[in-house]
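Peer 1: This is my_file-v5.pdb (PDB, C-alpha atoms).
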```
ATOM      1  CA  MET A  22      73.893 156.824  31.521  1.00  0.00           C
ATOM      2  CA  THR A  23      74.349 157.434  27.832  1.00  0.00           C
ATOM      3  CA  SER A  24      77.429 155.236  27.550  1.00  0.00           C
ATOM      4  CA  PRO A  25      77.157 152.371  25.060  1.00  0.00           C
ATOM      5  CA  LEU A  26      78.192 150.171  27.986  1.00  0.00           C
ATOM      6  CA  TYR A  27      74.788 150.825  29.564  1.00  0.00           C
ATOM      7  CA  ASN A  28      72.594 150.453  26.506  1.00  0.00           C
ATOM      8  CA  ARG A  29      68.829 149.972  26.422  1.00  0.00           C
ATOM      9  CA  ASP A  30      69.056 146.176  26.255  1.00  0.00           C
ATOM     10  CA  ILE A  31      71.315 145.951  29.296  1.00  0.00           C
ATOM     11  CA  LEU A  32      69.127 148.362  31.251  1.00  0.00           C
ATOM     12  CA  ARG A  33      65.993 146.393  30.284  1.00  0.00           C
ATOM     13  CA  LEU A  34      67.560 143.168  31.578  1.00  0.00           C
ATOM     14  CA  ALA A  35      68.763 144.915  34.738  1.00  0.00           C
ATOM     15  CA  ALA A  36      65.189 145.958  35.485  1.00  0.00           C
ATOM     16  CA  SER A  37      63.761 142.444  35.127  1.00  0.00           C
ATOM     17  CA  ILE A  38      65.751 140.097  37.374  1.00  0.00           C
ATOM     18  CA  PRO A  39      63.796 136.876  37.975  1.00  0.00           C
ATOM     19  CA  HIS A  40      63.729 134.750  41.134  1.00  0.00           C
ATOM     20  CA  LEU A  41      64.494 137.558  43.562  1.00  0.00           C
ATOM     21  CA  GLY A  42      64.239 136.636  47.215  1.00  0.00           C
ATOM     22  CA  ARG A  43      65.163 133.716  49.443  1.00  0.00           C
ATOM     23  CA  LEU A  44      64.348 130.006  49.634  1.00  0.00           C
ATOM     24  CA  ASN A  45      63.160 128.489  52.909  1.00  0.00           C
ATOM     25  CA  HIS A  46      64.757 125.127  52.134  1.00  0.00           C
ATOM     26  CA  ALA A  47      67.844 125.922  50.060  1.00  0.00           C
ATOM     27  CA  GLN A  48      70.405 123.146  49.705  1.00  0.00           C
ATOM     28  CA  ALA A  49      73.116 125.727  49.066  1.00  0.00           C
ATOM     29  CA  ARG A  50      73.702 129.461  49.356  1.00  0.00           C
ATOM     30  CA  VAL A  51      76.682 131.201  47.793  1.00  0.00           C
ATOM     31  CA  GLU A  52      77.471 134.899  47.857  1.00  0.00           C
ATOM     32  CA  ARG A  53      80.000 136.601  45.590  1.00  0.00           C
ATOM     33  CA  THR A  54      81.224 140.180  45.842  1.00  0.00           C
ATOM     34  CA  SER A  55      83.341 142.190  43.441  1.00  0.00           C
ATOM     35  CA  PRO A  56      86.153 143.798  45.446  1.00  0.00           C
ATOM     36  CA  LEU A  57      86.561 146.513  42.823  1.00  0.00           C
ATOM     37  CA  CYS A  58      83.038 147.928  42.753  1.00  0.00           C
ATOM     38  CA  GLY A  59      81.275 146.257  45.691  1.00  0.00           C
ATOM     39  CA  SER A  60      78.625 144.564  43.564  1.00  0.00           C
ATOM     40  CA  ARG A  61      77.165 141.538  45.351  1.00  0.00           C
ATOM     41  CA  VAL A  62      75.094 138.567  44.234  1.00  0.00           C
ATOM     42  CA  ALA A  63      73.794 135.823  46.528  1.00  0.00           C
ATOM     43  CA  VAL A  64      72.267 132.683  45.038  1.00  0.00           C
ATOM     44  CA  GLU A  65      70.273 129.990  46.807  1.00  0.00           C
ATOM     45  CA  LEU A  66      69.099 126.854  45.112  1.00  0.00           C
ATOM     46  CA  VAL A  67      67.729 123.362  45.249  1.00  0.00           C
ATOM     47  CA  VAL A  68      68.726 120.644  42.797  1.00  0.00           C
ATOM     48  CA  ASP A  69      66.544 117.662  41.908  1.00  0.00           C
ATOM     49  CA  GLU A  70      67.466 113.978  41.850  1.00  0.00           C
ATOM     50  CA  GLY A  71      69.020 114.421  38.409  1.00  0.00           C
ATOM     51  CA  GLY A  72      71.280 117.239  39.599  1.00  0.00           C
ATOM     52  CA  ARG A  73      69.316 119.938  37.759  1.00  0.00           C
ATOM     53  CA  VAL A  74      68.375 123.292  39.271  1.00  0.00           C
ATOM     54  CA  ALA A  75      64.836 122.815  40.573  1.00  0.00           C
ATOM     55  CA  GLU A  76      64.481 126.072  42.535  1.00  0.00           C
ATOM     56  CA  LEU A  77      66.473 129.274  42.489  1.00  0.00           C
ATOM     57  CA  ALA A  78      66.469 132.527  44.419  1.00  0.00           C
ATOM     58  CA  GLN A  79      68.846 135.419  44.174  1.00  0.00           C
ATOM     59  CA  ASP A  80      69.605 138.659  45.971  1.00  0.00           C
ATOM     60  CA  VAL A  81      71.331 141.155  43.700  1.00  0.00           C
ATOM     61  CA  LYS A  82      72.963 144.417  44.768  1.00  0.00           C
ATOM     62  CA  ALA A  83      75.020 145.273  41.707  1.00  0.00           C
ATOM     63  CA  CYS A  84      75.586 147.751  38.930  1.00  0.00           C
ATOM     64  CA  ALA A  85      73.429 147.544  35.802  1.00  0.00           C
ATOM     65  CA  LEU A  86      75.863 145.085  34.179  1.00  0.00           C
ATOM     66  CA  GLY A  87      75.791 142.781  37.195  1.00  0.00           C
ATOM     67  CA  GLN A  88      72.017 143.037  37.319  1.00  0.00           C
ATOM     68  CA  ALA A  89      71.706 142.241  33.605  1.00  0.00           C
ATOM     69  CA  SER A  90      73.943 139.219  34.058  1.00  0.00           C
ATOM     70  CA  ALA A  91      71.867 138.021  37.037  1.00  0.00           C
ATOM     71  CA  SER A  92      68.768 138.429  34.887  1.00  0.00           C
ATOM     72  CA  LEU A  93      70.181 136.234  32.120  1.00  0.00           C
ATOM     73  CA  MET A  94      71.446 133.673  34.611  1.00  0.00           C
ATOM     74  CA  GLY A  95      68.163 133.534  36.519  1.00  0.00           C
ATOM     75  CA  THR A  96      66.053 133.241  33.409  1.00  0.00           C
ATOM     76  CA  HIS A  97      67.909 130.230  32.048  1.00  0.00           C
ATOM     77  CA  ALA A  98      69.357 128.420  35.110  1.00  0.00           C
ATOM     78  CA  PRO A  99      66.295 126.352  36.108  1.00  0.00           C
ATOM     79  CA  GLY A 100      66.619 122.872  34.645  1.00  0.00           C
ATOM     80  CA  ARG A 101      70.376 123.232  34.092  1.00  0.00           C
ATOM     81  CA  THR A 102      73.022 120.875  35.464  1.00  0.00           C
ATOM     82  CA  VAL A 103      76.189 121.759  37.340  1.00  0.00           C
ATOM     83  CA  ASP A 104      78.178 121.101  34.167  1.00  0.00           C
ATOM     84  CA  ASP A 105      75.905 123.462  32.185  1.00  0.00           C
ATOM     85  CA  LEU A 106      76.378 126.199  34.755  1.00  0.00           C
ATOM     86  CA  GLU A 107      80.132 125.776  35.004  1.00  0.00           C
ATOM     87  CA  GLN A 108      80.441 125.780  31.216  1.00  0.00           C
ATOM     88  CA  ALA A 109      78.393 128.984  30.989  1.00  0.00           C
ATOM     89  CA  ARG A 110      80.581 130.637  33.664  1.00  0.00           C
ATOM     90  CA  ASP A 111      83.790 129.581  31.930  1.00  0.00           C
ATOM     91  CA  SER A 112      82.565 130.576  28.460  1.00  0.00           C
ATOM     92  CA  LEU A 113      81.467 133.996  29.682  1.00  0.00           C
ATOM     93  CA  ALA A 114      84.807 134.576  31.441  1.00  0.00           C
ATOM     94  CA  ALA A 115      86.754 133.559  28.331  1.00  0.00           C
ATOM     95  CA  TYR A 116      84.534 135.712  26.109  1.00  0.00           C
ATOM     96  CA  LEU A 117      84.967 138.793  28.290  1.00  0.00           C
ATOM     97  CA  ALA A 118      88.732 138.246  28.464  1.00  0.00           C
ATOM     98  CA  GLY A 119      88.986 137.880  24.680  1.00  0.00           C
ATOM     99  CA  ARG A 120      90.053 134.219  24.799  1.00  0.00           C
ATOM    100  CA  ARG A 121      87.096 133.242  22.634  1.00  0.00           C
ATOM    101  CA  GLU A 122      85.066 135.142  20.080  1.00  0.00           C
ATOM    102  CA  ASP A 123      81.614 133.853  20.997  1.00  0.00           C
ATOM    103  CA  ALA A 124      79.889 133.931  24.363  1.00  0.00           C
ATOM    104  CA  GLY A 125      78.968 130.252  24.302  1.00  0.00           C
ATOM    105  CA  ASP A 126      75.609 128.517  24.268  1.00  0.00           C
ATOM    106  CA  TRP A 127      73.922 130.370  27.129  1.00  0.00           C
ATOM    107  CA  PRO A 128      71.180 132.582  25.660  1.00  0.00           C
ATOM    108  CA  GLY A 129      71.830 136.314  25.609  1.00  0.00           C
ATOM    109  CA  LEU A 130      75.427 136.542  26.788  1.00  0.00           C
ATOM    110  CA  SER A 131      76.571 138.228  23.581  1.00  0.00           C
ATOM    111  CA  ILE A 132      74.923 141.370  24.976  1.00  0.00           C
ATOM    112  CA  PHE A 133      78.128 141.833  26.970  1.00  0.00           C
ATOM    113  CA  ALA A 134      80.228 142.359  23.842  1.00  0.00           C
ATOM    114  CA  VAL A 135      80.220 146.068  24.688  1.00  0.00           C
ATOM    115  CA  ALA A 136      81.863 145.301  28.048  1.00  0.00           C
ATOM    116  CA  ARG A 137      84.784 143.291  26.687  1.00  0.00           C
ATOM    117  CA  SER A 138      86.975 146.369  26.466  1.00  0.00           C
ATOM    118  CA  TYR A 139      86.170 147.329  30.089  1.00  0.00           C
ATOM    119  CA  PRO A 140      88.060 144.729  32.187  1.00  0.00           C
ATOM    120  CA  ALA A 141      87.128 146.499  35.420  1.00  0.00           C
ATOM    121  CA  ARG A 142      83.497 145.543  34.739  1.00  0.00           C
ATOM    122  CA  HIS A 143      84.112 141.834  34.110  1.00  0.00           C
ATOM    123  CA  ALA A 144      84.008 140.803  37.780  1.00  0.00           C
ATOM    124  CA  SER A 145      80.535 142.250  38.250  1.00  0.00           C
ATOM    125  CA  ILE A 146      79.257 140.531  35.107  1.00  0.00           C
ATOM    126  CA  LEU A 147      80.621 137.184  36.275  1.00  0.00           C
ATOM    127  CA  LEU A 148      79.243 137.292  39.836  1.00  0.00           C
ATOM    128  CA  ALA A 149      75.862 135.611  39.210  1.00  0.00           C
ATOM    129  CA  PHE A 150      77.389 132.863  37.078  1.00  0.00           C
ATOM    130  CA  GLU A 151      80.154 132.194  39.602  1.00  0.00           C
ATOM    131  CA  ALA A 152      77.649 132.050  42.467  1.00  0.00           C
ATOM    132  CA  VAL A 153      75.146 129.771  40.728  1.00  0.00           C
ATOM    133  CA  ALA A 154      77.828 127.350  39.520  1.00  0.00           C
ATOM    134  CA  GLU A 155      79.294 127.023  43.014  1.00  0.00           C
ATOM    135  CA  ALA A 156      75.858 126.736  44.630  1.00  0.00           C
ATOM    136  CA  ALA A 157      74.812 123.995  42.200  1.00  0.00           C
ATOM    137  CA  ARG A 158      78.054 122.093  42.814  1.00  0.00           C
ATOM    138  CA  THR A 159      77.562 122.361  46.584  1.00  0.00           C
ATOM    139  CA  ALA A 160      73.880 121.370  46.414  1.00  0.00           C
ATOM    140  CA  SER A 161      74.695 118.371  44.221  1.00  0.00           C
ATOM    141  CA  ARG A 162      77.326 117.172  46.708  1.00  0.00           C
ATOM    142  CA  THR A 163      74.892 117.685  49.581  1.00  0.00           C
ATOM    143  CA  ARG A 164      72.192 115.698  47.784  1.00  0.00           C
ATOM    144  CA  VAL A 165      74.596 112.806  47.125  1.00  0.00           C
ATOM    145  CA  ALA A 166      75.916 112.829  50.697  1.00  0.00           C
ATOM    146  CA  GLY A 167      72.435 113.120  52.208  1.00  0.00           C
TER     147      GLY A 167
END
```
If you took the structure in this file and wrote it as structure tokens, what would it be?
Peer 2:
Amino acid sequence: MTSPLYNRDILRLAASIPHLGRLNHAQARVERTSPLCGSRVAVELVVDEGGRVAELAQDVKACALGQASASLMGTHAPGRTVDDLEQARDSLAAYLAGRREDAGDWPGLSIFAVARSYPARHASILLAFEAVAEAARTASRTRVAG
């Protein structure tokens, strides 16, 4: 793994994914899989009365890029709103696709600059952000309905 795509910073993040496991009382669970490489990320969460992520768990079976992305998502998702999470997902997708030159406000996403020229890797990088945004949206709806 000497490719610049799998640099030391990405490998360090991949080895330190926070909030691994399951929640006993999750309000939502969303799983996303990349059809191209088979990477999979499942996110469970609980939102508080203000619609912010109060608890988070994730199960990650992905390549180093997907793991690094899950690490960045998991580190900074607690306390975030649905809008924050959706904005991070959309900014990351636009950044990877070259539709914007910065990765947005979410800390650390610029680490994926090396992956921008590898479109086949984008789906794996986006998995954790897609899953957490959908889970937060679902949990927020459940909280309002309940």
Peer 1: Residues near Arg50 (chain A), anyone? I mean within 8 Å using only C-alpha atoms, not counting same-chain ones fewer than 2 positions away, as a ChimeraX atom specification.
Peer 2: /A:47-48,52,63-66,156
Peer 1: With all atoms listed in the file as the basis for distance, which of A:Ser55, A:Ser112, A:Gln79, A:Ser90 is at the shortest distance from Gly42 (chain A)?
Peer 2: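 When distances to Gly42 (chain A) are compared using all atoms listed in the file, the smallest one comes from A:Gln79.
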Peer 1: Name the residues captured by the PyMOL selection byres ((chain A and resi 136) around 10) when it is applied to the shown file; answer as a list in words.
Peer 2: Pro25, Leu26, Tyr27, Leu86, Leu117, Ala118, Ser131, Ile132, Phe133, Ala134, Val135, Arg137, Ser138, Tyr139, Pro140, Ala141, Arg142, His143 and Ile146 of chain A
Peer 1: When the PyMOL selection byres ((chain A and resi 41) around 10) is applied to the structure above, which residues does it catch, written out as a ChimeraX atom specification?
Peer 2: /A:37-40,42-44,63-64,77-81,91-92,95
Peer 1: Give the answer as one residue: which of A:Asp126, A:Gly87, A:Gly100, A:Val74 has the shortest atom-to-atom distance to Thr159 (chain A), using only C-alpha atoms?
Peer 2: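 Under the stated criterion, the closest residue is A:Val74.
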Peer 1: Suppose you want the space between CA of Gly71 (chain A) and CA of Glu151 (chain A); what is it in Å?
Peer 2: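 Between these atoms lies a distance of 21.0 Å.
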Peer 1: Quick one: apply the PyMOL selection byres ((chain A and resi 70) around 12) to the file and drop the selected residues here as number ranges by chain.
Peer 2: A: 67-69, 71-75, 100, 102, 160-165, 167
Peer 1: Quick one: distance from CA of Gly119 (chain A) to CA of Glu155 (chain A) in Å, one decimal?
Peer 2: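 Pair CA of Gly119 (chain A) / CA of Glu155 (chain A) returns 23.4 Å.
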Peer 1: Using only C-alpha atoms, can you tell me which of A:Ala115, A:Ala83, A:Ala157, A:Leu148 comes closest to Arg101 (chain A)?
Peer 2: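 For Arg101 (chain A), the nearest of the candidates is A:Ala157.
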Peer 1: Write out all heavy atoms for region 138-149 of chain A, as a tab-separated table (two decimals), in the coordinates of the input.
Peer 2:
```tsv
chain	number	residue	atom	x	y	z
A	138	SER	N	85.85	145.44	26.39
A	138	SER	CA	86.98	146.37	26.47
A	138	SER	C	87.00	147.15	27.78
A	138	SER	O	87.75	148.11	27.92
A	138	SER	CB	86.95	147.34	25.28
A	138	SER	OG	85.74	148.06	25.26
A	139	TYR	N	86.20	146.72	28.76
A	139	TYR	CA	86.17	147.33	30.09
A	139	TYR	C	86.46	146.25	31.14
A	139	TYR	O	85.57	145.81	31.86
A	139	TYR	CB	84.80	147.95	30.37
A	139	TYR	CG	84.43	149.08	29.46
A	139	TYR	CD1	83.77	148.85	28.26
A	139	TYR	CD2	84.71	150.41	29.81
A	139	TYR	CE1	83.40	149.89	27.43
A	139	TYR	CE2	84.36	151.45	28.99
A	139	TYR	CZ	83.70	151.19	27.79
A	139	TYR	OH	83.35	152.23	26.97
A	140	PRO	N	87.72	145.82	31.26
A	140	PRO	CA	88.06	144.73	32.19
A	140	PRO	C	87.63	144.97	33.63
A	140	PRO	O	87.33	144.01	34.35
A	140	PRO	CB	89.58	144.62	32.09
A	140	PRO	CG	89.95	145.29	30.82
A	140	PRO	CD	88.89	146.31	30.53
A	141	ALA	N	87.55	146.21	34.05
A	141	ALA	CA	87.13	146.50	35.42
A	141	ALA	C	85.68	146.10	35.67
A	141	ALA	O	85.27	145.93	36.82
A	141	ALA	CB	87.32	147.98	35.72
A	142	ARG	N	84.91	145.92	34.61
A	142	ARG	CA	83.50	145.54	34.74
A	142	ARG	C	83.28	144.03	34.70
A	142	ARG	O	82.20	143.54	35.02
A	142	ARG	CB	82.67	146.19	33.62
A	142	ARG	CG	82.77	147.69	33.57
A	142	ARG	CD	82.02	148.28	34.74
A	142	ARG	NE	81.91	149.72	34.57
A	142	ARG	CZ	82.23	150.59	35.48
A	142	ARG	NH1	82.69	150.18	36.63
A	142	ARG	NH2	82.09	151.87	35.27
A	143	HIS	N	84.28	143.28	34.30
A	143	HIS	CA	84.11	141.83	34.11
A	143	HIS	C	83.72	141.12	35.40
A	143	HIS	O	82.88	140.21	35.38
A	143	HIS	CB	85.38	141.22	33.52
A	143	HIS	CG	85.70	141.72	32.16
A	143	HIS	ND1	86.80	141.30	31.46
A	143	HIS	CD2	85.07	142.61	31.34
A	143	HIS	CE1	86.84	141.90	30.28
A	143	HIS	NE2	85.80	142.71	30.19
A	144	ALA	N	84.31	141.49	36.52
A	144	ALA	CA	84.01	140.80	37.78
A	144	ALA	C	82.53	140.90	38.13
A	144	ALA	O	81.91	139.92	38.55
A	144	ALA	CB	84.86	141.37	38.91
A	145	SER	N	81.95	142.07	37.94
A	145	SER	CA	80.54	142.25	38.25
A	145	SER	C	79.65	141.41	37.33
A	145	SER	O	78.66	140.82	37.76
A	145	SER	CB	80.17	143.73	38.13
A	145	SER	OG	78.82	143.93	38.50
A	146	ILE	N	80.02	141.32	36.07
A	146	ILE	CA	79.26	140.53	35.11
A	146	ILE	C	79.32	139.04	35.45
A	146	ILE	O	78.35	138.31	35.27
A	146	ILE	CB	79.77	140.79	33.67
A	146	ILE	CG1	79.50	142.25	33.28
A	146	ILE	CG2	79.13	139.83	32.68
A	146	ILE	CD1	80.22	142.69	32.01
A	147	LEU	N	80.43	138.60	35.98
A	147	LEU	CA	80.62	137.18	36.28
A	147	LEU	C	80.00	136.74	37.60
A	147	LEU	O	79.83	135.53	37.83
A	147	LEU	CB	82.11	136.85	36.27
A	147	LEU	CG	82.77	136.86	34.89
A	147	LEU	CD1	84.28	136.88	35.02
A	147	LEU	CD2	82.30	135.68	34.08
A	148	LEU	N	79.68	137.65	38.49
A	148	LEU	CA	79.24	137.29	39.84
A	148	LEU	C	78.11	136.27	39.87
A	148	LEU	O	78.19	135.27	40.58
A	148	LEU	CB	78.79	138.54	40.61
A	148	LEU	CG	79.87	139.51	41.04
A	148	LEU	CD1	79.23	140.74	41.69
A	148	LEU	CD2	80.84	138.86	41.99
A	149	ALA	N	77.03	136.51	39.16
A	149	ALA	CA	75.86	135.61	39.21
A	149	ALA	C	76.21	134.23	38.69
A	149	ALA	O	75.78	133.22	39.26
A	149	ALA	CB	74.70	136.20	38.41
```
